[in-house]
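Student: So here's run31.txt (compact mmCIF, N, CA and C atoms and all ligand atoms).
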# COMPACT_ATOMS: atom_id res chain seq x y z
N MET A 1 -31.22 31.44 110.38
CA MET A 1 -29.86 31.41 109.84
C MET A 1 -29.92 31.45 108.31
N ASN A 2 -29.13 32.34 107.70
CA ASN A 2 -29.13 32.48 106.24
C ASN A 2 -27.99 31.66 105.65
N LEU A 3 -28.37 30.66 104.85
CA LEU A 3 -27.36 29.79 104.26
C LEU A 3 -27.02 30.15 102.82
N ALA A 4 -27.64 31.25 102.33
CA ALA A 4 -27.36 31.67 100.95
C ALA A 4 -26.01 32.37 100.89
N PRO A 5 -25.25 32.13 99.83
CA PRO A 5 -23.97 32.83 99.70
C PRO A 5 -24.19 34.31 99.42
N PRO A 6 -23.21 35.17 99.73
CA PRO A 6 -23.36 36.59 99.40
C PRO A 6 -23.41 36.78 97.89
N ARG A 7 -24.24 37.72 97.47
CA ARG A 7 -24.37 37.98 96.03
C ARG A 7 -23.64 39.26 95.67
N TYR A 8 -22.92 39.22 94.58
CA TYR A 8 -22.25 40.40 94.05
C TYR A 8 -22.72 40.59 92.60
N ARG A 9 -23.49 41.65 92.39
CA ARG A 9 -23.99 41.92 91.04
C ARG A 9 -22.84 42.38 90.15
N LEU A 10 -22.80 41.86 88.93
CA LEU A 10 -21.74 42.26 87.98
C LEU A 10 -22.26 43.16 86.88
N CYS A 11 -23.39 42.82 86.30
CA CYS A 11 -23.92 43.63 85.20
C CYS A 11 -25.34 43.17 84.89
N ALA A 12 -25.99 43.92 84.01
CA ALA A 12 -27.27 43.46 83.48
C ALA A 12 -27.02 42.22 82.62
N GLY A 13 -27.88 41.26 82.72
CA GLY A 13 -27.71 40.05 81.92
C GLY A 13 -27.64 40.36 80.43
N SER A 14 -28.38 41.36 80.01
CA SER A 14 -28.41 41.73 78.59
C SER A 14 -27.08 42.33 78.13
N ALA A 15 -26.25 42.77 79.07
CA ALA A 15 -24.96 43.37 78.72
C ALA A 15 -23.89 42.31 78.48
N LEU A 16 -24.20 41.08 78.83
CA LEU A 16 -23.24 39.99 78.62
C LEU A 16 -23.72 39.17 77.42
N ALA A 17 -23.22 39.52 76.25
CA ALA A 17 -23.68 38.87 75.02
C ALA A 17 -23.05 37.49 74.88
N GLU A 18 -23.69 36.66 74.09
CA GLU A 18 -23.18 35.33 73.80
C GLU A 18 -21.74 35.41 73.26
N GLY A 19 -20.86 34.59 73.83
CA GLY A 19 -19.48 34.55 73.36
C GLY A 19 -18.62 35.71 73.84
N CYS A 20 -19.14 36.50 74.75
CA CYS A 20 -18.37 37.64 75.28
C CYS A 20 -17.96 37.36 76.72
N HIS A 21 -17.07 38.23 77.21
CA HIS A 21 -16.64 38.05 78.59
C HIS A 21 -16.47 39.40 79.27
N LEU A 22 -16.50 39.36 80.59
CA LEU A 22 -16.24 40.52 81.44
C LEU A 22 -15.18 40.08 82.45
N LYS A 23 -14.24 40.97 82.73
CA LYS A 23 -13.22 40.65 83.72
C LYS A 23 -13.45 41.49 84.97
N PHE A 24 -13.20 40.89 86.10
CA PHE A 24 -13.33 41.61 87.36
C PHE A 24 -12.39 40.94 88.37
N SER A 25 -12.23 41.61 89.50
CA SER A 25 -11.36 41.07 90.55
C SER A 25 -12.19 40.66 91.74
N ILE A 26 -11.81 39.58 92.34
CA ILE A 26 -12.52 39.11 93.54
C ILE A 26 -11.51 38.73 94.61
N ARG A 27 -12.01 38.76 95.82
CA ARG A 27 -11.27 38.15 96.92
C ARG A 27 -11.83 36.74 97.02
N PHE A 28 -11.02 35.74 96.68
CA PHE A 28 -11.48 34.35 96.55
C PHE A 28 -10.61 33.48 97.44
N GLU A 29 -11.23 32.85 98.40
CA GLU A 29 -10.51 32.02 99.37
C GLU A 29 -9.33 32.80 99.98
N GLY A 30 -9.59 34.09 100.24
CA GLY A 30 -8.60 34.92 100.93
C GLY A 30 -7.51 35.49 100.04
N ARG A 31 -7.62 35.25 98.72
CA ARG A 31 -6.61 35.80 97.79
C ARG A 31 -7.29 36.67 96.75
N ASP A 32 -6.56 37.69 96.28
CA ASP A 32 -7.08 38.51 95.19
C ASP A 32 -6.88 37.75 93.88
N GLU A 33 -7.96 37.60 93.14
CA GLU A 33 -7.91 36.85 91.89
C GLU A 33 -8.64 37.62 90.80
N GLU A 34 -8.14 37.51 89.59
CA GLU A 34 -8.90 38.01 88.45
C GLU A 34 -9.87 36.91 88.03
N CYS A 35 -11.03 37.33 87.60
CA CYS A 35 -12.08 36.37 87.27
C CYS A 35 -12.69 36.73 85.93
N LEU A 36 -13.14 35.71 85.22
CA LEU A 36 -13.81 35.90 83.93
C LEU A 36 -15.27 35.51 84.07
N LEU A 37 -16.14 36.37 83.60
CA LEU A 37 -17.56 36.03 83.47
C LEU A 37 -17.80 35.88 81.97
N ILE A 38 -18.34 34.75 81.57
CA ILE A 38 -18.58 34.50 80.14
C ILE A 38 -20.04 34.11 79.93
N ARG A 39 -20.48 34.24 78.69
CA ARG A 39 -21.77 33.65 78.33
C ARG A 39 -21.54 32.68 77.18
N PHE A 40 -22.11 31.48 77.38
CA PHE A 40 -21.97 30.43 76.37
C PHE A 40 -23.25 29.59 76.37
N GLY A 41 -23.80 29.36 75.17
CA GLY A 41 -25.05 28.60 75.09
C GLY A 41 -26.18 29.26 75.87
N GLY A 42 -26.09 30.59 75.98
CA GLY A 42 -27.13 31.35 76.67
C GLY A 42 -26.94 31.43 78.17
N LYS A 43 -25.98 30.71 78.70
CA LYS A 43 -25.81 30.65 80.15
C LYS A 43 -24.52 31.36 80.57
N ALA A 44 -24.55 31.94 81.77
CA ALA A 44 -23.37 32.63 82.30
C ALA A 44 -22.55 31.66 83.16
N TYR A 45 -21.23 31.80 83.03
CA TYR A 45 -20.28 31.01 83.82
C TYR A 45 -19.18 31.95 84.27
N ALA A 46 -18.54 31.60 85.38
CA ALA A 46 -17.40 32.40 85.84
C ALA A 46 -16.26 31.48 86.26
N TYR A 47 -15.05 31.91 85.94
CA TYR A 47 -13.85 31.13 86.28
C TYR A 47 -12.75 32.07 86.74
N VAL A 48 -11.95 31.60 87.69
CA VAL A 48 -10.73 32.31 88.01
C VAL A 48 -9.88 32.31 86.75
N ASN A 49 -9.35 33.48 86.40
CA ASN A 49 -8.62 33.62 85.14
C ASN A 49 -7.16 33.17 85.30
N ARG A 50 -7.00 31.87 85.46
CA ARG A 50 -5.65 31.32 85.58
C ARG A 50 -5.63 29.96 84.91
N CYS A 51 -4.77 29.83 83.92
CA CYS A 51 -4.64 28.59 83.16
C CYS A 51 -4.19 27.44 84.07
N VAL A 52 -4.58 26.22 83.74
CA VAL A 52 -4.15 25.06 84.54
C VAL A 52 -2.70 24.68 84.23
N HIS A 53 -2.19 25.15 83.10
CA HIS A 53 -0.85 24.77 82.67
C HIS A 53 0.23 25.54 83.43
N MET A 54 0.11 26.85 83.43
CA MET A 54 1.02 27.74 84.14
C MET A 54 0.16 28.86 84.72
N PRO A 55 0.65 29.53 85.74
CA PRO A 55 -0.20 30.57 86.37
C PRO A 55 -0.29 31.84 85.53
N ARG A 56 -0.90 31.71 84.37
CA ARG A 56 -1.08 32.86 83.46
C ARG A 56 -2.57 33.04 83.19
N PRO A 57 -2.99 34.29 83.00
CA PRO A 57 -4.38 34.51 82.58
C PRO A 57 -4.59 33.97 81.16
N LEU A 58 -5.78 33.53 80.87
CA LEU A 58 -6.07 32.99 79.53
C LEU A 58 -5.81 34.03 78.44
N ASP A 59 -6.01 35.29 78.76
CA ASP A 59 -5.84 36.35 77.77
C ASP A 59 -4.49 37.05 77.91
N CYS A 60 -3.48 36.32 78.38
CA CYS A 60 -2.18 36.97 78.64
C CYS A 60 -1.48 37.42 77.37
N GLU A 61 -1.73 36.77 76.24
CA GLU A 61 -1.06 37.14 74.99
C GLU A 61 -1.99 37.84 74.01
N GLN A 62 -3.26 37.59 74.13
CA GLN A 62 -4.25 38.21 73.24
C GLN A 62 -5.45 38.59 74.08
N ASP A 63 -6.14 39.62 73.66
CA ASP A 63 -7.29 40.07 74.42
C ASP A 63 -8.54 39.25 74.06
N LEU A 64 -8.39 37.93 74.14
CA LEU A 64 -9.49 37.02 73.79
C LEU A 64 -9.51 35.88 74.79
N VAL A 65 -10.67 35.36 75.09
CA VAL A 65 -10.73 34.15 75.92
C VAL A 65 -11.43 33.01 75.18
N PHE A 66 -12.18 33.31 74.12
CA PHE A 66 -12.76 32.25 73.28
C PHE A 66 -11.86 32.01 72.09
N ASP A 67 -11.86 30.78 71.59
CA ASP A 67 -11.10 30.48 70.38
C ASP A 67 -11.87 31.02 69.17
N PRO A 68 -11.28 30.98 67.97
CA PRO A 68 -11.96 31.58 66.81
C PRO A 68 -13.32 30.94 66.49
N SER A 69 -13.50 29.67 66.86
CA SER A 69 -14.79 29.01 66.58
C SER A 69 -15.88 29.50 67.53
N GLY A 70 -15.48 30.05 68.67
CA GLY A 70 -16.44 30.46 69.69
C GLY A 70 -16.96 29.29 70.51
N ARG A 71 -16.46 28.10 70.23
CA ARG A 71 -16.97 26.89 70.91
C ARG A 71 -16.19 26.58 72.18
N TYR A 72 -14.97 27.10 72.28
CA TYR A 72 -14.12 26.76 73.42
C TYR A 72 -13.45 28.01 73.99
N LEU A 73 -13.13 27.93 75.28
CA LEU A 73 -12.22 28.90 75.86
C LEU A 73 -10.81 28.48 75.47
N ARG A 74 -9.92 29.43 75.30
CA ARG A 74 -8.58 29.10 74.86
C ARG A 74 -7.56 29.99 75.56
N CYS A 75 -6.51 29.36 76.11
CA CYS A 75 -5.43 30.14 76.69
C CYS A 75 -4.51 30.61 75.57
N SER A 76 -4.23 31.89 75.54
CA SER A 76 -3.44 32.45 74.44
C SER A 76 -1.94 32.19 74.62
N MET A 77 -1.53 31.62 75.74
CA MET A 77 -0.10 31.38 75.95
C MET A 77 0.38 30.16 75.14
N HIS A 78 -0.18 28.99 75.40
CA HIS A 78 0.22 27.78 74.68
C HIS A 78 -0.96 27.07 74.04
N GLY A 79 -2.14 27.65 74.11
CA GLY A 79 -3.26 27.15 73.33
C GLY A 79 -4.14 26.08 73.93
N ILE A 80 -4.04 25.82 75.21
CA ILE A 80 -4.97 24.86 75.81
C ILE A 80 -6.40 25.35 75.60
N VAL A 81 -7.28 24.42 75.21
CA VAL A 81 -8.69 24.79 75.05
C VAL A 81 -9.51 24.10 76.13
N TYR A 82 -10.54 24.80 76.54
CA TYR A 82 -11.40 24.37 77.65
C TYR A 82 -12.85 24.37 77.20
N ALA A 83 -13.62 23.42 77.74
CA ALA A 83 -15.07 23.44 77.54
C ALA A 83 -15.64 24.59 78.37
N PRO A 84 -16.36 25.51 77.74
CA PRO A 84 -16.85 26.68 78.49
C PRO A 84 -17.84 26.32 79.60
N GLU A 85 -18.55 25.21 79.43
CA GLU A 85 -19.57 24.84 80.42
C GLU A 85 -18.98 24.29 81.71
N THR A 86 -17.76 23.76 81.63
CA THR A 86 -17.18 23.10 82.81
C THR A 86 -15.80 23.64 83.17
N GLY A 87 -15.16 24.34 82.23
CA GLY A 87 -13.79 24.79 82.46
C GLY A 87 -12.78 23.66 82.39
N THR A 88 -13.15 22.54 81.79
CA THR A 88 -12.25 21.38 81.71
C THR A 88 -11.39 21.46 80.46
N SER A 89 -10.09 21.21 80.63
CA SER A 89 -9.19 21.17 79.48
C SER A 89 -9.52 19.96 78.62
N ILE A 90 -9.73 20.20 77.33
CA ILE A 90 -9.94 19.09 76.42
C ILE A 90 -8.74 18.96 75.48
N SER A 91 -7.67 19.65 75.79
CA SER A 91 -6.42 19.51 75.05
C SER A 91 -5.65 18.32 75.60
N THR A 92 -4.72 17.81 74.81
CA THR A 92 -3.85 16.74 75.30
C THR A 92 -3.06 17.23 76.51
N MET A 93 -2.60 18.47 76.39
CA MET A 93 -1.86 19.09 77.49
C MET A 93 -2.85 19.39 78.64
N CYS A 94 -2.56 18.84 79.81
CA CYS A 94 -3.40 19.08 81.00
C CYS A 94 -4.84 18.59 80.80
N GLU A 95 -5.01 17.53 80.02
CA GLU A 95 -6.35 17.02 79.75
C GLU A 95 -7.08 16.69 81.05
N GLY A 96 -8.32 17.14 81.13
CA GLY A 96 -9.16 16.85 82.29
C GLY A 96 -8.99 17.81 83.45
N GLN A 97 -7.93 18.62 83.42
CA GLN A 97 -7.77 19.59 84.51
C GLN A 97 -8.74 20.76 84.30
N ARG A 98 -9.14 21.35 85.40
CA ARG A 98 -10.21 22.34 85.32
C ARG A 98 -9.81 23.72 85.82
N LEU A 99 -10.31 24.72 85.13
CA LEU A 99 -10.27 26.08 85.66
C LEU A 99 -11.10 26.09 86.95
N ARG A 100 -10.80 27.02 87.83
CA ARG A 100 -11.57 27.10 89.07
C ARG A 100 -12.86 27.86 88.82
N ALA A 101 -13.96 27.15 88.95
CA ALA A 101 -15.27 27.76 88.69
C ALA A 101 -15.73 28.57 89.89
N VAL A 102 -16.38 29.68 89.61
CA VAL A 102 -16.99 30.53 90.64
C VAL A 102 -18.50 30.49 90.37
N ALA A 103 -19.28 30.28 91.40
CA ALA A 103 -20.73 30.14 91.23
C ALA A 103 -21.37 31.46 90.78
N VAL A 104 -22.26 31.35 89.82
CA VAL A 104 -22.90 32.49 89.18
C VAL A 104 -24.41 32.44 89.43
N TYR A 105 -25.04 33.60 89.51
CA TYR A 105 -26.51 33.63 89.48
C TYR A 105 -26.95 34.54 88.34
N GLU A 106 -28.10 34.29 87.83
CA GLU A 106 -28.72 35.19 86.85
C GLU A 106 -30.19 35.24 87.18
N GLU A 107 -30.65 36.41 87.57
CA GLU A 107 -32.01 36.52 88.09
C GLU A 107 -32.48 37.97 87.98
N GLY A 108 -33.70 38.15 87.62
CA GLY A 108 -34.29 39.49 87.58
C GLY A 108 -33.54 40.44 86.66
N GLY A 109 -32.95 39.90 85.60
CA GLY A 109 -32.24 40.75 84.64
C GLY A 109 -30.80 41.05 85.03
N ASP A 110 -30.35 40.55 86.17
CA ASP A 110 -28.97 40.78 86.61
C ASP A 110 -28.18 39.48 86.56
N VAL A 111 -26.88 39.65 86.39
CA VAL A 111 -25.99 38.50 86.49
C VAL A 111 -24.88 38.87 87.47
N GLY A 112 -24.48 37.89 88.25
CA GLY A 112 -23.44 38.16 89.25
C GLY A 112 -22.91 36.86 89.81
N ILE A 113 -22.14 36.98 90.85
CA ILE A 113 -21.59 35.79 91.49
C ILE A 113 -22.20 35.63 92.87
N ALA A 114 -22.35 34.39 93.25
CA ALA A 114 -22.93 34.04 94.55
C ALA A 114 -22.18 32.81 95.04
N ASP A 115 -21.11 33.04 95.73
CA ASP A 115 -20.20 31.94 96.07
C ASP A 115 -19.65 32.21 97.47
N PHE A 116 -19.75 31.24 98.33
CA PHE A 116 -19.28 31.41 99.72
C PHE A 116 -17.78 31.71 99.79
N ARG A 117 -17.03 31.34 98.77
CA ARG A 117 -15.57 31.54 98.80
C ARG A 117 -15.17 32.96 98.43
N VAL A 118 -16.15 33.75 97.94
CA VAL A 118 -15.86 35.13 97.52
C VAL A 118 -16.25 36.09 98.64
N SER A 119 -15.31 36.96 99.02
CA SER A 119 -15.59 37.89 100.12
C SER A 119 -15.58 39.35 99.69
N ALA A 120 -15.19 39.64 98.47
CA ALA A 120 -15.21 41.02 97.98
C ALA A 120 -15.13 41.01 96.46
N LEU A 121 -15.59 42.11 95.89
CA LEU A 121 -15.63 42.24 94.43
C LEU A 121 -15.12 43.60 94.05
N ARG A 122 -14.33 43.66 92.99
CA ARG A 122 -13.90 44.93 92.43
C ARG A 122 -14.16 44.89 90.93
N LEU A 123 -15.02 45.75 90.45
CA LEU A 123 -15.33 45.80 89.02
C LEU A 123 -14.33 46.66 88.29
N PRO A 124 -14.11 46.40 87.00
CA PRO A 124 -13.20 47.26 86.26
C PRO A 124 -13.79 48.65 86.10
N PRO A 125 -12.94 49.67 85.96
CA PRO A 125 -13.46 51.02 85.78
C PRO A 125 -14.29 51.12 84.50
N GLY A 126 -15.28 51.99 84.51
CA GLY A 126 -16.13 52.18 83.32
C GLY A 126 -17.13 51.12 83.30
S1 LIG B 1 -0.04 28.88 80.21
FE1 LIG B 1 -1.98 28.44 79.34
S2 LIG B 1 -1.56 26.95 77.85
FE2 LIG B 1 0.36 27.27 78.81
I'd like the structure from this file rewritten - as C-alpha cells, please.
Tutor:
Amino acid sequence: MNLAPPRYRLCAGSALAEGCHLKFSIRFEGRDEECLLIRFGGKAYAYVNRCVHMPRPLDCEQDLVFDPSGRYLRCSMHGIVYAPETGTSISTMCEGQRLRAVAVYEEGGDVGIADFRVSALRLPPG
C-alpha cells in the first residue's frame, strides 16, 4: 500500500528565486483554488491564495504577494501581513489566523506539491 501523497511538479527549484512566487490552480478538497508557491529563507512554501480577512487573493490589488521589506507576505486589499514560514497573520486584524498551507516537496532539483488534499493541478500558460 502506497501512503505517499500524489506529487505534482511545478517547476525547477532554481526557477523559484528567493522572495518570488508562482501561481497555479489546484483541485483542493474538491474545490478549484488558486495557489501560491513562494520561496522564503531558501525554502519553498505553498498556500491557497485567499486572505483570512475576506475571500480575496493576496494579490487582488497589486501584482505582489511579499511586502516591500520581503520579510512578510502581504494582502494588497487591506494590508494584513503574514509570516511566510507559517502563513499566520501577524497583523492586529485577524491575528493568529492562517492561510491554508499546501504541502510542498523539493527534491532532485524540482519543486512541487505533495498533498493528499490535492487531486489535480493546472499550471499557468507559458
Ligand atoms: S481582504 Fe486581505 S486584508 Fe482584507
Student: Find the smallest box with edges along x, y and z containing every listed atom of ligand LIG 1 (chain B), then add 8 Å on each side and report centre and edge lengths in Å to one decimal, as lines of an AutoDock Vina configuration file.
Tutor:
center_x = -0.8
center_y = 27.9
center_z = 79.0
size_x = 18.3
size_y = 17.9
size_z = 18.4
Student: Using only C-alpha atoms and all ligand atoms, find each protein or nucleic acid residue lying at most 10 Å from ligand LIG 1 (chain B); present the set as a ChimeraX atom specification.
Tutor: /A:50-61,74-81,89,91,93-94
Student: Which one of A:Ala103, A:Ala15, A:Pro84, A:Glu29 sits closest to Ala120 (chain A) if you count only N, CA and C atoms?
Tutor: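 Ranked by minimum distance to Ala120 (chain A), first place goes to A:Glu29.
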Student: What is the distance between CA of Lys23 (chain A) and CA of Cys35 (chain A), in Å to one decimal?
Tutor: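 CA of Cys35 (chain A) lies 5.7 Å from CA of Lys23 (chain A).
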Student: Restricting the calculation to all atoms listed in the file, which member of A:Pro6, A:Leu36, A:Gln97, A:Ala44 is positioned closest to Ser119 (chain A)?
Tutor: A:Pro6
Student: In the coordinates of the file, take the point (-13.0, 45.4, 89.9) and a cut-off of 7 Å; then, counting only N, CA and C atoms, name each qualifying protein, DNA or RNA residue as a list in words.
Tutor: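 Output: Lys23, Phe24, Ser25, Ile26, Leu121, Arg122, Leu123, Pro124 and Pro125 of chain A.
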Student: May I have the selected residues written with N, CA and C atoms, as a short mmCIF file (atom, residue, chain, number, x, y, z; two decimals), in the frame of the given file?
Tutor:
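As a result, part_14.cif now contains:
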data_model
loop_
_atom_site.label_atom_id
_atom_site.label_comp_id
_atom_site.auth_asym_id
_atom_site.auth_seq_id
_atom_site.Cartn_x
_atom_site.Cartn_y
_atom_site.Cartn_z
N LYS A 23 -14.24 40.97 82.73
CA LYS A 23 -13.22 40.65 83.72
C LYS A 23 -13.45 41.49 84.97
N PHE A 24 -13.20 40.89 86.10
CA PHE A 24 -13.33 41.61 87.36
C PHE A 24 -12.39 40.94 88.37
N SER A 25 -12.23 41.61 89.50
CA SER A 25 -11.36 41.07 90.55
C SER A 25 -12.19 40.66 91.74
N ILE A 26 -11.81 39.58 92.34
CA ILE A 26 -12.52 39.11 93.54
C ILE A 26 -11.51 38.73 94.61
N LEU A 121 -15.59 42.11 95.89
CA LEU A 121 -15.63 42.24 94.43
C LEU A 121 -15.12 43.60 94.05
N ARG A 122 -14.33 43.66 92.99
CA ARG A 122 -13.90 44.93 92.43
C ARG A 122 -14.16 44.89 90.93
N LEU A 123 -15.02 45.75 90.45
CA LEU A 123 -15.33 45.80 89.02
C LEU A 123 -14.33 46.66 88.29
N PRO A 124 -14.11 46.40 87.00
CA PRO A 124 -13.20 47.26 86.26
C PRO A 124 -13.79 48.65 86.10
N PRO A 125 -12.94 49.67 85.96
CA PRO A 125 -13.46 51.02 85.78
C PRO A 125 -14.29 51.12 84.50
#
Student: One decimal, in Å: what's the spacing between atom C of Ala4 (chain A) and atom N of Gly19 (chain A)?
Tutor: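 Between these atoms lies a distance of 27.6 Å.
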Student: Do you know which residues are at most 9 Å from Tyr47 (chain A) counting only C-alpha atoms, after dropping those on the same chain fewer than 4 positions away, and could you put them as an NGL selection string?
Tutor: :A and (34-38 or 87 or 99-103)
Student: Among chain A, which residues does DSSP mark as strand (DSSP E) when it is run on the backbone? Keep the chain and numbering as in the structure and answer as a ChimeraX atom specification.
Tutor: /A:7-12,21-28,31-40,43-48,73-74,81-82,101-102,104-107,110-114,118-122
Student: Can you work out the spacing between CA of Phe28 (chain A) and CA of Tyr45 (chain A) in Å, to one decimal?
Tutor: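 One can read the CA of Phe28 (chain A) to CA of Tyr45 (chain A) distance as 15.8 Å.
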Student: Find the residue from A:Tyr105, A:Phe116, A:Phe40, A:Phe66 that sits nearest to Arg9 (chain A); use only C-alpha atoms when measuring.
Tutor: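 Closest candidate: A:Tyr105.
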Student: Counting only C-alpha atoms, figure out which residue out of A:His21, A:Arg71, A:Arg7, A:Arg31 gets nearest to Glu85 (chain A).
Tutor: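 Smallest distance to Glu85 (chain A) is found for A:Arg71.
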